[in-house]
file query05.cif (mmCIF, C-alpha atoms and all ligand atoms)
data_structure
#
loop_
_atom_site.label_atom_id
_atom_site.label_comp_id
_atom_site.auth_asym_id
_atom_site.auth_seq_id
_atom_site.Cartn_x
_atom_site.Cartn_y
_atom_site.Cartn_z
CA MET Q 159 100.78 79.09 79.84
CA ASN Q 160 97.73 80.60 78.23
CA LYS Q 161 99.11 81.56 74.80
CA ASP Q 162 95.93 83.29 73.64
CA GLN Q 163 95.93 85.68 76.56
CA LEU Q 164 99.68 86.11 76.35
CA THR Q 165 99.33 87.53 72.85
CA GLU Q 166 96.19 89.50 73.69
CA LEU Q 167 96.94 91.22 77.04
CA THR Q 168 100.06 92.94 75.79
CA PHE Q 169 101.75 95.96 77.34
CA PHE Q 170 104.71 98.24 76.73
CA ARG Q 171 106.85 96.34 79.25
CA GLY Q 172 106.53 93.54 81.79
CA ARG Q 173 106.26 96.08 84.60
CA VAL Q 174 103.36 97.75 82.79
CA ALA Q 175 101.57 94.39 82.71
CA LEU Q 176 102.13 94.02 86.47
CA ALA Q 177 100.81 97.55 87.09
CA ALA Q 178 97.73 96.72 85.01
CA ILE Q 179 97.12 93.60 87.12
CA LEU Q 180 97.46 95.60 90.34
CA ARG Q 181 95.13 98.29 89.04
CA GLY Q 182 92.65 95.61 88.00
CA LEU Q 183 92.75 94.30 91.58
CA ASN Q 184 91.90 97.83 92.82
CA ILE Q 185 95.21 98.17 94.61
CA SER Q 186 96.10 101.78 95.33
CA LYS Q 187 97.42 104.26 97.88
CA GLY Q 188 97.71 102.90 101.41
CA ASP Q 189 97.96 99.29 100.20
CA GLU Q 190 101.06 97.14 100.44
CA VAL Q 191 102.20 94.63 97.85
CA ALA Q 192 104.59 91.89 99.00
CA ILE Q 193 107.49 91.40 96.58
CA GLN Q 194 110.81 89.68 97.09
CA ALA Q 195 114.09 91.49 97.52
CA PHE Q 196 116.63 90.22 94.94
CA THR Q 197 114.57 91.51 92.03
CA CYS Q 198 114.82 94.27 89.47
CA VAL Q 199 113.50 97.78 89.92
CA ALA Q 200 110.77 97.06 87.36
CA VAL Q 201 108.77 95.25 90.04
CA PRO Q 202 108.65 97.93 92.79
CA GLU Q 203 108.28 100.52 90.04
CA ALA Q 204 104.99 98.87 89.01
CA VAL Q 205 103.81 98.80 92.64
CA LEU Q 206 104.69 102.48 93.11
CA SER Q 207 103.00 103.43 89.83
CA VAL Q 208 99.58 102.53 91.28
CA GLY Q 209 100.35 104.44 94.50
CA ALA Q 210 100.94 101.33 96.65
CA THR Q 211 103.98 100.49 98.78
CA PRO Q 212 106.34 97.54 98.19
CA LEU Q 213 106.74 95.22 101.18
CA TYR Q 214 110.11 93.49 100.75
CA ILE Q 215 110.29 89.81 101.65
CA ASP Q 216 113.61 88.02 102.01
CA ILE Q 217 114.62 85.02 99.89
CA GLU Q 218 115.25 81.46 101.05
CA ALA Q 219 118.60 80.45 102.48
CA ASP Q 220 120.75 79.18 99.57
CA GLY Q 221 117.91 79.96 97.15
CA PHE Q 222 116.69 82.77 94.92
CA ASN Q 223 112.94 82.88 95.62
CA MET Q 224 110.61 84.30 98.26
CA ASP Q 225 110.95 82.77 101.73
CA PRO Q 226 107.50 81.74 103.04
CA GLU Q 227 108.63 82.17 106.64
CA ASP Q 228 109.65 85.77 106.12
CA LEU Q 229 106.38 86.40 104.27
CA GLN Q 230 104.44 85.02 107.21
CA LYS Q 231 106.35 87.32 109.55
CA LYS Q 232 105.83 90.48 107.50
CA ILE Q 233 102.35 90.08 105.99
CA SER Q 234 99.63 92.23 107.57
CA ARG Q 235 96.12 93.47 106.88
CA LYS Q 236 97.63 96.23 104.74
CA THR Q 237 99.08 93.61 102.36
CA LYS Q 238 96.76 93.39 99.35
CA ALA Q 239 98.72 91.16 96.94
CA ILE Q 240 101.75 88.87 96.82
CA VAL Q 241 104.04 88.85 93.79
CA VAL Q 242 105.85 85.52 93.51
CA GLN Q 243 108.93 85.58 91.28
CA HIS Q 244 110.31 82.36 89.77
CA THR Q 245 113.87 83.62 89.67
CA PHE Q 246 116.09 82.29 86.82
CA GLY Q 247 113.20 79.94 85.99
CA ILE Q 248 113.34 78.07 89.30
CA PRO Q 249 109.78 77.62 90.59
CA ALA Q 250 109.09 79.28 93.94
CA ASP Q 251 107.59 77.34 96.87
CA LEU Q 252 104.05 77.74 95.55
CA ASP Q 253 102.56 75.35 98.08
CA ARG Q 254 103.50 77.37 101.10
CA LEU Q 255 103.25 80.79 99.46
CA GLY Q 256 99.84 79.89 98.03
CA LYS Q 257 98.62 78.73 101.45
CA LEU Q 258 99.68 82.03 103.01
CA ALA Q 259 97.91 83.92 100.23
CA SER Q 260 94.63 82.07 100.78
CA LEU Q 261 94.94 82.19 104.57
CA ASN Q 262 95.23 85.97 104.33
CA ALA Q 263 92.69 86.18 101.48
CA VAL Q 264 95.03 88.11 99.18
CA PRO Q 265 95.60 87.42 95.49
CA LEU Q 266 98.84 85.85 94.33
CA ILE Q 267 100.50 87.15 91.16
CA GLU Q 268 103.27 85.16 89.48
CA ASP Q 269 106.26 86.95 87.98
CA CYS Q 270 107.00 84.61 85.06
CA CYS Q 271 109.50 86.90 83.30
CA HIS Q 272 112.17 84.19 83.73
CA SER Q 273 109.90 81.18 83.54
CA PHE Q 274 107.94 80.58 80.36
CA ALA Q 275 108.04 76.81 80.72
CA SER Q 276 108.96 75.82 84.28
CA ALA Q 277 106.66 73.55 86.27
CA TYR Q 278 105.84 73.14 89.93
CA ASN Q 279 104.63 69.70 91.05
CA GLY Q 280 103.92 68.78 87.46
CA GLN Q 281 101.89 71.89 86.67
CA GLU Q 282 103.25 74.73 84.57
CA VAL Q 283 103.83 77.99 86.45
CA GLY Q 284 101.53 80.89 85.57
CA HIS Q 285 98.42 79.01 86.68
CA PHE Q 286 98.81 79.20 90.44
CA GLY Q 287 97.51 82.68 91.17
CA SER Q 288 95.00 85.30 90.02
CA ALA Q 289 97.33 86.40 87.24
CA ALA Q 290 100.88 86.16 85.90
CA PHE Q 291 103.08 88.49 83.87
CA TYR Q 292 105.85 88.01 81.32
CA SER Q 293 108.48 90.08 79.52
CA PHE Q 294 109.89 89.78 75.98
CA GLU Q 295 112.85 92.01 76.49
CA TRP Q 296 116.56 91.28 75.81
CA GLY Q 297 117.81 88.58 78.12
CA LYS Q 298 114.44 86.90 78.67
CA PRO Q 299 113.71 83.38 77.39
CA ILE Q 300 111.76 84.75 74.42
CA VAL Q 301 113.17 87.96 72.98
CA ALA Q 302 110.81 90.02 70.83
CA GLY Q 303 111.98 93.54 71.70
CA ILE Q 304 110.59 95.67 74.49
CA GLY Q 305 107.23 94.37 75.72
CA GLY Q 306 105.31 92.49 78.37
CA SER Q 307 102.16 90.40 78.71
CA ALA Q 308 99.73 89.15 81.28
CA THR Q 309 97.73 85.97 81.67
CA VAL Q 310 94.75 86.08 84.00
CA ASN Q 311 93.07 83.19 85.79
CA ASP Q 312 90.43 85.26 87.61
CA PRO Q 313 87.51 85.91 85.19
CA GLU Q 314 86.41 89.19 86.78
CA LEU Q 315 89.93 90.55 86.77
CA LEU Q 316 90.21 89.55 83.11
CA VAL Q 317 87.12 91.61 82.20
CA ARG Q 318 88.44 94.67 84.03
CA MET Q 319 91.90 94.38 82.46
CA ARG Q 320 90.49 94.01 78.95
CA GLN Q 321 88.37 97.12 79.44
CA ALA Q 322 91.29 99.14 80.78
CA LEU Q 323 93.64 97.99 78.02
CA ALA Q 324 91.32 99.45 75.37
CA ASP Q 325 92.36 102.93 76.57
CA TYR Q 326 96.12 102.29 76.49
CA ARG Q 327 98.07 104.21 73.85
CA ALA Q 328 100.51 102.80 71.29
CA PRO Q 329 104.17 103.79 71.80
CA SER Q 330 105.31 106.84 69.82
CA SER Q 331 106.67 106.17 66.35
CA SER Q 332 110.17 107.17 67.45
CA ALA Q 333 110.02 104.63 70.32
CA GLN Q 334 108.84 102.00 67.85
CA VAL Q 335 111.71 102.75 65.48
CA LYS Q 336 114.22 102.53 68.35
CA ILE Q 337 112.82 99.17 69.42
CA GLU Q 338 113.05 97.81 65.86
CA LEU Q 339 116.64 98.99 65.42
CA GLN Q 340 117.60 97.58 68.81
CA TYR Q 341 115.97 94.29 67.96
CA ILE Q 342 117.85 94.03 64.65
CA ALA Q 343 121.15 95.01 66.27
CA HIS Q 344 120.60 92.49 69.04
CA SER Q 345 119.80 89.64 66.64
CA ILE Q 346 122.82 90.33 64.45
CA LEU Q 347 125.45 91.20 67.04
CA TYR Q 348 124.69 89.35 70.18
CA ARG Q 349 126.49 86.12 71.00
CA PRO Q 350 128.03 85.01 74.29
CA SER Q 351 131.61 85.89 73.35
CA LEU Q 352 130.53 89.48 72.57
CA TYR Q 353 128.56 89.88 75.80
CA TRP Q 354 130.99 92.30 77.47
CA PRO Q 355 131.62 94.73 74.60
CA ILE Q 356 127.91 94.77 73.69
CA ARG Q 357 126.94 95.41 77.28
CA TYR Q 358 129.36 98.31 77.39
CA LEU Q 359 127.97 99.75 74.16
CA PHE Q 360 124.37 99.28 75.26
CA ARG Q 361 124.94 101.17 78.50
CA LYS Q 362 126.80 103.95 76.74
CA LEU Q 363 124.08 104.43 74.12
CA GLY Q 364 121.38 104.10 76.78
CA SER Q 365 122.90 106.85 78.90
CA LEU Q 366 123.09 109.08 75.81
CA GLY Q 367 119.38 108.53 75.19
CA ILE Q 368 120.03 106.85 71.84
CA LEU Q 369 118.66 103.53 73.02
CA LEU Q 370 115.60 102.73 75.05
CA GLY Q 371 117.23 101.44 78.22
CA ASN Q 372 115.59 99.03 80.63
CA TYR Q 373 116.10 101.19 83.67
CA LYS Q 374 116.41 104.82 84.54
CA ASN Q 375 119.88 105.51 85.84
CA SER Q 376 120.40 106.19 89.53
CA SER Q 377 120.71 109.97 89.16
CA GLU Q 378 117.36 110.12 87.38
CA VAL Q 379 115.80 108.06 90.16
CA GLU Q 380 117.30 110.42 92.74
CA SER Q 381 115.95 113.51 91.04
CA ASN Q 382 112.43 112.14 90.58
CA GLU Q 383 110.25 113.50 93.33
CA VAL Q 384 107.36 111.18 92.72
CA PHE Q 385 108.85 107.90 91.66
CA PRO Q 386 107.89 106.91 89.07
CA GLN Q 387 105.52 108.97 86.99
CA SER Q 388 106.11 107.59 83.58
CA ASP Q 389 103.55 107.64 80.78
CA GLU Q 390 104.84 104.17 79.86
CA PHE Q 391 102.34 102.80 82.35
CA GLN Q 392 99.50 103.68 79.98
CA MET Q 393 101.16 102.18 76.93
CA ARG Q 394 100.53 98.95 75.09
CA MET Q 395 103.05 96.78 73.24
CA ALA Q 396 104.28 98.01 69.86
CA SER Q 397 102.45 96.09 67.15
CA ARG Q 398 105.63 94.72 65.54
CA VAL Q 399 106.80 93.41 68.88
CA GLN Q 400 103.42 91.78 69.30
CA THR Q 401 103.62 90.05 65.92
CA ARG Q 402 107.13 88.84 66.69
CA ALA Q 403 106.17 87.62 70.17
CA ARG Q 404 103.32 85.62 68.68
CA ARG Q 405 105.62 84.03 66.11
CA LYS Q 406 108.39 83.32 68.59
CA LEU Q 407 106.01 81.69 71.05
CA GLN Q 408 105.46 79.01 68.40
CA GLY Q 409 109.08 78.06 68.94
CA LEU Q 410 108.82 77.74 72.70
CA GLU Q 411 109.61 74.02 72.59
CA THR Q 412 112.95 74.74 70.92
CA VAL Q 413 113.76 77.37 73.53
CA ARG Q 414 112.94 74.89 76.25
CA ALA Q 415 114.98 72.09 74.70
CA ALA Q 416 118.02 74.37 74.32
CA SER Q 417 117.75 75.54 77.93
CA GLU Q 418 117.49 71.97 79.22
CA ARG Q 419 120.39 70.70 77.13
CA ILE Q 420 122.69 73.59 78.06
CA SER Q 421 121.80 73.60 81.77
CA GLU Q 422 122.45 69.88 81.87
CA PHE Q 423 125.89 70.53 80.38
CA TYR Q 424 126.67 73.16 83.05
CA LYS Q 425 125.43 70.85 85.79
CA GLU Q 426 127.62 67.96 84.63
CA SER Q 427 130.72 69.85 83.49
CA ILE Q 428 131.27 72.60 86.02
CA ARG Q 429 133.10 71.11 88.95
CA ASN Q 430 134.76 73.66 91.12
CA SER Q 431 134.40 73.74 94.89
CA ALA Q 432 134.37 77.55 94.77
CA LEU Q 433 131.15 77.46 92.69
CA GLN Q 434 127.83 76.19 93.99
CA HIS Q 435 125.10 74.87 91.70
CA PRO Q 436 121.41 75.71 92.18
CA LYS Q 437 119.23 73.28 94.12
CA ILE Q 438 115.91 72.33 92.54
CA PRO Q 439 113.41 70.63 94.88
CA ALA Q 440 112.36 67.19 93.61
CA GLY Q 441 109.20 67.11 91.53
CA ASN Q 442 109.82 70.52 89.98
CA ARG Q 443 111.04 71.36 86.50
CA ALA Q 444 113.24 74.41 86.19
CA VAL Q 445 113.63 75.65 82.65
CA PHE Q 446 116.44 78.07 83.30
CA ALA Q 447 116.30 81.55 81.79
CA ARG Q 448 119.92 81.64 82.88
CA TYR Q 449 121.90 79.11 84.89
CA PRO Q 450 122.93 80.61 88.25
CA LEU Q 451 126.01 79.75 90.27
CA LEU Q 452 127.09 81.02 93.67
CA ALA Q 453 130.70 82.13 93.68
CA GLU Q 454 133.00 82.48 96.66
CA ASP Q 455 134.70 85.48 95.13
CA LYS Q 456 132.24 87.02 92.70
CA GLY Q 457 134.20 90.19 92.00
CA ALA Q 458 137.37 88.40 90.92
CA LEU Q 459 135.44 85.83 88.89
CA VAL Q 460 133.52 88.49 86.98
CA GLN Q 461 136.70 90.40 86.19
CA ALA Q 462 138.41 87.28 84.94
CA ALA Q 463 135.36 86.37 82.83
CA CYS Q 464 135.35 89.81 81.24
CA ARG Q 465 139.02 89.41 80.27
CA ALA Q 466 138.41 85.88 78.95
CA ARG Q 467 135.31 87.02 76.98
CA ILE Q 468 133.08 84.62 78.90
CA GLU Q 469 129.49 85.70 79.39
CA LEU Q 470 128.85 85.90 83.10
CA ALA Q 471 125.95 88.11 84.15
CA GLU Q 472 126.16 89.78 87.55
CA TRP Q 473 122.49 90.37 88.22
CA TYR Q 474 121.08 90.80 90.62
CA SER Q 475 124.03 92.67 91.99
CA THR Q 476 121.83 94.73 94.30
CA VAL Q 477 118.58 93.77 96.06
CA VAL Q 478 116.62 96.10 93.76
CA HIS Q 479 118.74 95.83 90.63
CA PRO Q 480 120.36 98.05 89.35
CA LEU Q 481 119.78 100.63 92.10
CA GLU Q 482 122.69 101.27 94.42
CA SER Q 483 122.05 101.50 98.14
CA LYS Q 484 121.80 105.28 98.11
CA SER Q 485 118.69 104.99 95.92
CA TRP Q 486 116.98 102.19 97.84
CA SER Q 487 114.85 104.59 99.89
CA SER Q 488 113.22 105.80 96.65
CA VAL Q 489 111.76 102.30 96.21
CA GLY Q 490 111.13 101.74 99.93
CA TYR Q 491 113.88 99.20 100.62
CA GLN Q 492 115.57 99.41 104.01
CA LEU Q 493 119.15 98.26 104.40
CA TYR Q 494 119.46 94.91 106.27
CA SER Q 495 115.71 94.20 106.02
CA CYS Q 496 116.40 91.18 103.77
CA PRO Q 497 119.83 89.83 104.73
CA GLU Q 498 119.72 86.67 102.58
CA ALA Q 499 118.91 88.73 99.48
CA GLU Q 500 121.73 91.13 100.25
CA ARG Q 501 124.13 88.21 100.67
CA ARG Q 502 123.06 86.51 97.43
CA CYS Q 503 123.83 89.69 95.45
CA GLY Q 504 127.47 89.30 96.44
CA GLN Q 505 127.58 85.65 95.32
CA VAL Q 506 125.46 85.14 92.23
CA VAL Q 507 126.63 84.96 88.63
CA SER Q 508 124.71 83.41 85.76
CA LEU Q 509 125.35 81.73 82.43
CA PRO Q 510 123.34 81.85 79.18
CA THR Q 511 121.03 78.95 78.27
CA HIS Q 512 119.70 79.91 74.83
CA SER Q 513 120.29 78.45 71.40
CA LYS Q 514 123.04 80.93 70.41
CA VAL Q 515 125.34 79.13 72.87
CA SER Q 516 127.49 76.80 70.77
CA LYS Q 517 129.15 73.56 71.81
CA SER Q 518 132.63 75.05 71.45
CA TYR Q 519 131.64 78.07 73.53
CA LEU Q 520 130.30 75.74 76.22
CA ASN Q 521 133.57 73.85 76.38
CA ARG Q 522 135.53 77.08 76.63
CA CYS Q 523 133.20 78.30 79.37
CA ALA Q 524 133.49 75.09 81.43
CA LYS Q 525 137.26 75.12 81.07
CA PHE Q 526 137.38 78.72 82.27
CA LEU Q 527 135.13 78.07 85.27
CA ASN Q 528 136.88 74.88 86.28
CA SER Q 529 140.30 76.49 86.21
CA HIS Q 530 139.23 79.57 88.13
CA VAL Q 531 140.60 79.64 91.67
CA SER Q 532 139.12 81.98 94.25
C1 LIG Q 601 112.59 91.62 83.22
C2 LIG Q 601 111.86 91.43 84.47
C3 LIG Q 601 110.73 92.19 84.81
C4 LIG Q 601 110.18 93.34 84.04
O1 LIG Q 601 110.32 93.36 82.74
P1 LIG Q 601 110.28 94.70 81.86
O2 LIG Q 601 109.74 94.21 80.58
O3 LIG Q 601 111.69 95.20 81.79
O4 LIG Q 601 109.38 95.70 82.55
C5 LIG Q 601 110.09 91.88 85.99
N1 LIG Q 601 110.51 90.91 86.80
C6 LIG Q 601 111.58 90.17 86.51
C7 LIG Q 601 111.99 89.10 87.46
C8 LIG Q 601 112.29 90.40 85.34
O5 LIG Q 601 113.38 89.68 85.06
#
call {"tool": "encode", "arguments": {"input": "query05.cif", "output": "structure tokens", "more": "lines below"}}
Ligand SMILES: *Cc1c(COP(=O)(O)O)cnc(C)c1O
result
Amino acid sequence: MNKDQLTELTFFRGRVALAAILRGLNISKGDEVAIQAFTCVAVPEAVLSVGATPLYIDIEADGFNMDPEDLQKKISRKTKAIVVQHTFGIPADLDRLGKLASLNAVPLIEDCCHSFASAYNGQEVGHFGSAAFYSFEWGKPIVAGIGGSATVNDPELLVRMRQALADYRAPSSSAQVKIELQYIAHSILYRPSLYWPIRYLFRKLGSLGILLGNYKNSSEVESNEVFPQSDEFQMRMASRVQTRARRKLQGLETVRAASERISEFYKESIRNSALQHPKIPAGNRAVFARYPLLAEDKGALVQAACRARIELAEWYSTVVHPLESKSWSSVGYQLYSCPEAERRCGQVVSLPTHSKVSKSYLNRCAKFLNSHVS
């Protein structure tokens, strides 16, 4: 990853960085941007913010990333960019997706929000397309508060993005204060065994407007006529978040080592025929943002985990997380258009891989998962 750019091309959120990339590529009304289903609403939101339309591509069978075959089927002359997401930190099939991008002469953008250190065929992700974007929000490999960054491999695009960024505004002082308080609360409170109560609190405070949430809630999405028209898309990263991101990036090796050690533990210790481990194609290095498992009975497993105070994230629980199906039309997703993605939402759970996960917690987690019967 290009650390200099990562701490220079900084935006209010990851989605704002993606919107800036799209704008820099002159993508606008009438254009389509290919994105995968099984993503969060931040991605189509960025596409819609420049006036373009998301083109949803299904994910691979048994996988979490864009399926090159479905891309080939759906891509057309209207498609002006391809966003490739390395879900959970697992590198996407960059060979085949990259070939389709060059065959159709459209830029490829990597969504590296989960993948600060993963590698594809020996090369770190983030270097395979015209640009890549990152997020420093809660739950990402490097948490610095609310913020996002871009790295750009195309020199002309880089010039245009630098120029545009000069006109972005700083977040309001009240937003900055909220981010700081949230960051402090997160660093003090959060640990895997408190995942469920903290999540509950976070949602409650978010819906009351006390916290800066990550997503608008469904009713807000419904009531928005033009979705989305948020001034956040002209905002840069708060300066304190930027300072923290720069400092935390120095510790990337530690983050990577923790992820590798903990994922290895999950891989070796979780043995339950009702739970399926992720498959990583040979030659690739997945530095997991979270460790995903496919469960036969996700609903029951999640409920049991909540009772046992085991951190088990449910995302993505809808193809455009966290939007429920009634809101999918607002982001241009059609029911059944990506059946694998829809199926995966009903199966996936994920486990934490960061350094706050202790050895005793890991043992408790493995014991819980191994004794769970579906
Ligand atoms: C978190 C995330 C984003 C967007 O990040 P924000 O900073 O919330 O805008 C985009 N894509 C993926 C895959 C993410 O996980």
call {"tool": "residues_near_ligand", "arguments": {"input": "query05.cif", "ligand": "ligand LIG 601 (chain Q)", "cutoff": "7 Å", "atoms": "only C-alpha atoms and all ligand atoms", "output": "compact mmCIF listing (two decimals) with C-alpha atoms, keeping the file's coordinate frame"}}
result
# COMPACT_ATOMS: atom_id res chain seq x y z
CA ARG Q 171 106.85 96.34 79.25
CA GLY Q 172 106.53 93.54 81.79
CA ARG Q 173 106.26 96.08 84.60
CA VAL Q 174 103.36 97.75 82.79
CA THR Q 197 114.57 91.51 92.03
CA CYS Q 198 114.82 94.27 89.47
CA ALA Q 200 110.77 97.06 87.36
CA VAL Q 201 108.77 95.25 90.04
CA GLN Q 243 108.93 85.58 91.28
CA THR Q 245 113.87 83.62 89.67
CA ASP Q 269 106.26 86.95 87.98
CA CYS Q 271 109.50 86.90 83.30
CA HIS Q 272 112.17 84.19 83.73
CA SER Q 293 108.48 90.08 79.52
CA PHE Q 294 109.89 89.78 75.98
CA GLU Q 295 112.85 92.01 76.49
CA LYS Q 298 114.44 86.90 78.67
CA ILE Q 304 110.59 95.67 74.49
CA GLY Q 305 107.23 94.37 75.72
CA GLY Q 306 105.31 92.49 78.37
CA ASN Q 372 115.59 99.03 80.63
call {"tool": "atom_distance", "arguments": {"input": "query05.cif", "atom1": "CA of Glu426 (chain Q)", "atom2": "CA of Leu407 (chain Q)"}}
result
29.0 Å
call {"tool": "closest_residue", "arguments": {"input": "query05.cif", "among": "Q:Ala219, Q:Ala275, Q:Ala403, Q:Ile179", "to": "Val241 (chain Q)", "atoms": "all atoms listed in the file"}}
result
Q:Ile179
call {"tool": "residues_around", "arguments": {"input": "query05.cif", "residues": "Val199 (chain Q)", "least_positions_apart": "2", "cutoff": "8 Å", "atoms": "only C-alpha atoms", "output": "list in words"}}
result
Thr197, Val201, Pro202, Glu203, Tyr373, Val478, His479, Pro480, Leu481 and Val489 of chain Q
call {"tool": "atom_distance", "arguments": {"input": "query05.cif", "atom1": "CA of Ala277 (chain Q)", "atom2": "CA of Leu229 (chain Q)"}}
result
22.1 Å
call {"tool": "closest_residue", "arguments": {"input": "query05.cif", "among": "Q:Leu433, Q:Ser186, Q:Pro439, Q:Pro299", "to": "Leu252 (chain Q)", "atoms": "all atoms listed in the file"}}
result
Q:Pro439
call {"tool": "closest_residue", "arguments": {"input": "query05.cif", "among": "Q:Tyr214, Q:Phe169, Q:Trp473, Q:Phe291", "to": "Glu190 (chain Q)", "atoms": "all atoms listed in the file"}}
result
Q:Tyr214
call {"tool": "residues_around", "arguments": {"input": "query05.cif", "residues": "Ala463 (chain Q)", "least_positions_apart": "2", "cutoff": "12 Å", "atoms": "only C-alpha atoms", "output": "MDAnalysis selection string"}}
result
chainID Q and resid 350:354 456:461 465:472 507:509 522:527 529:530
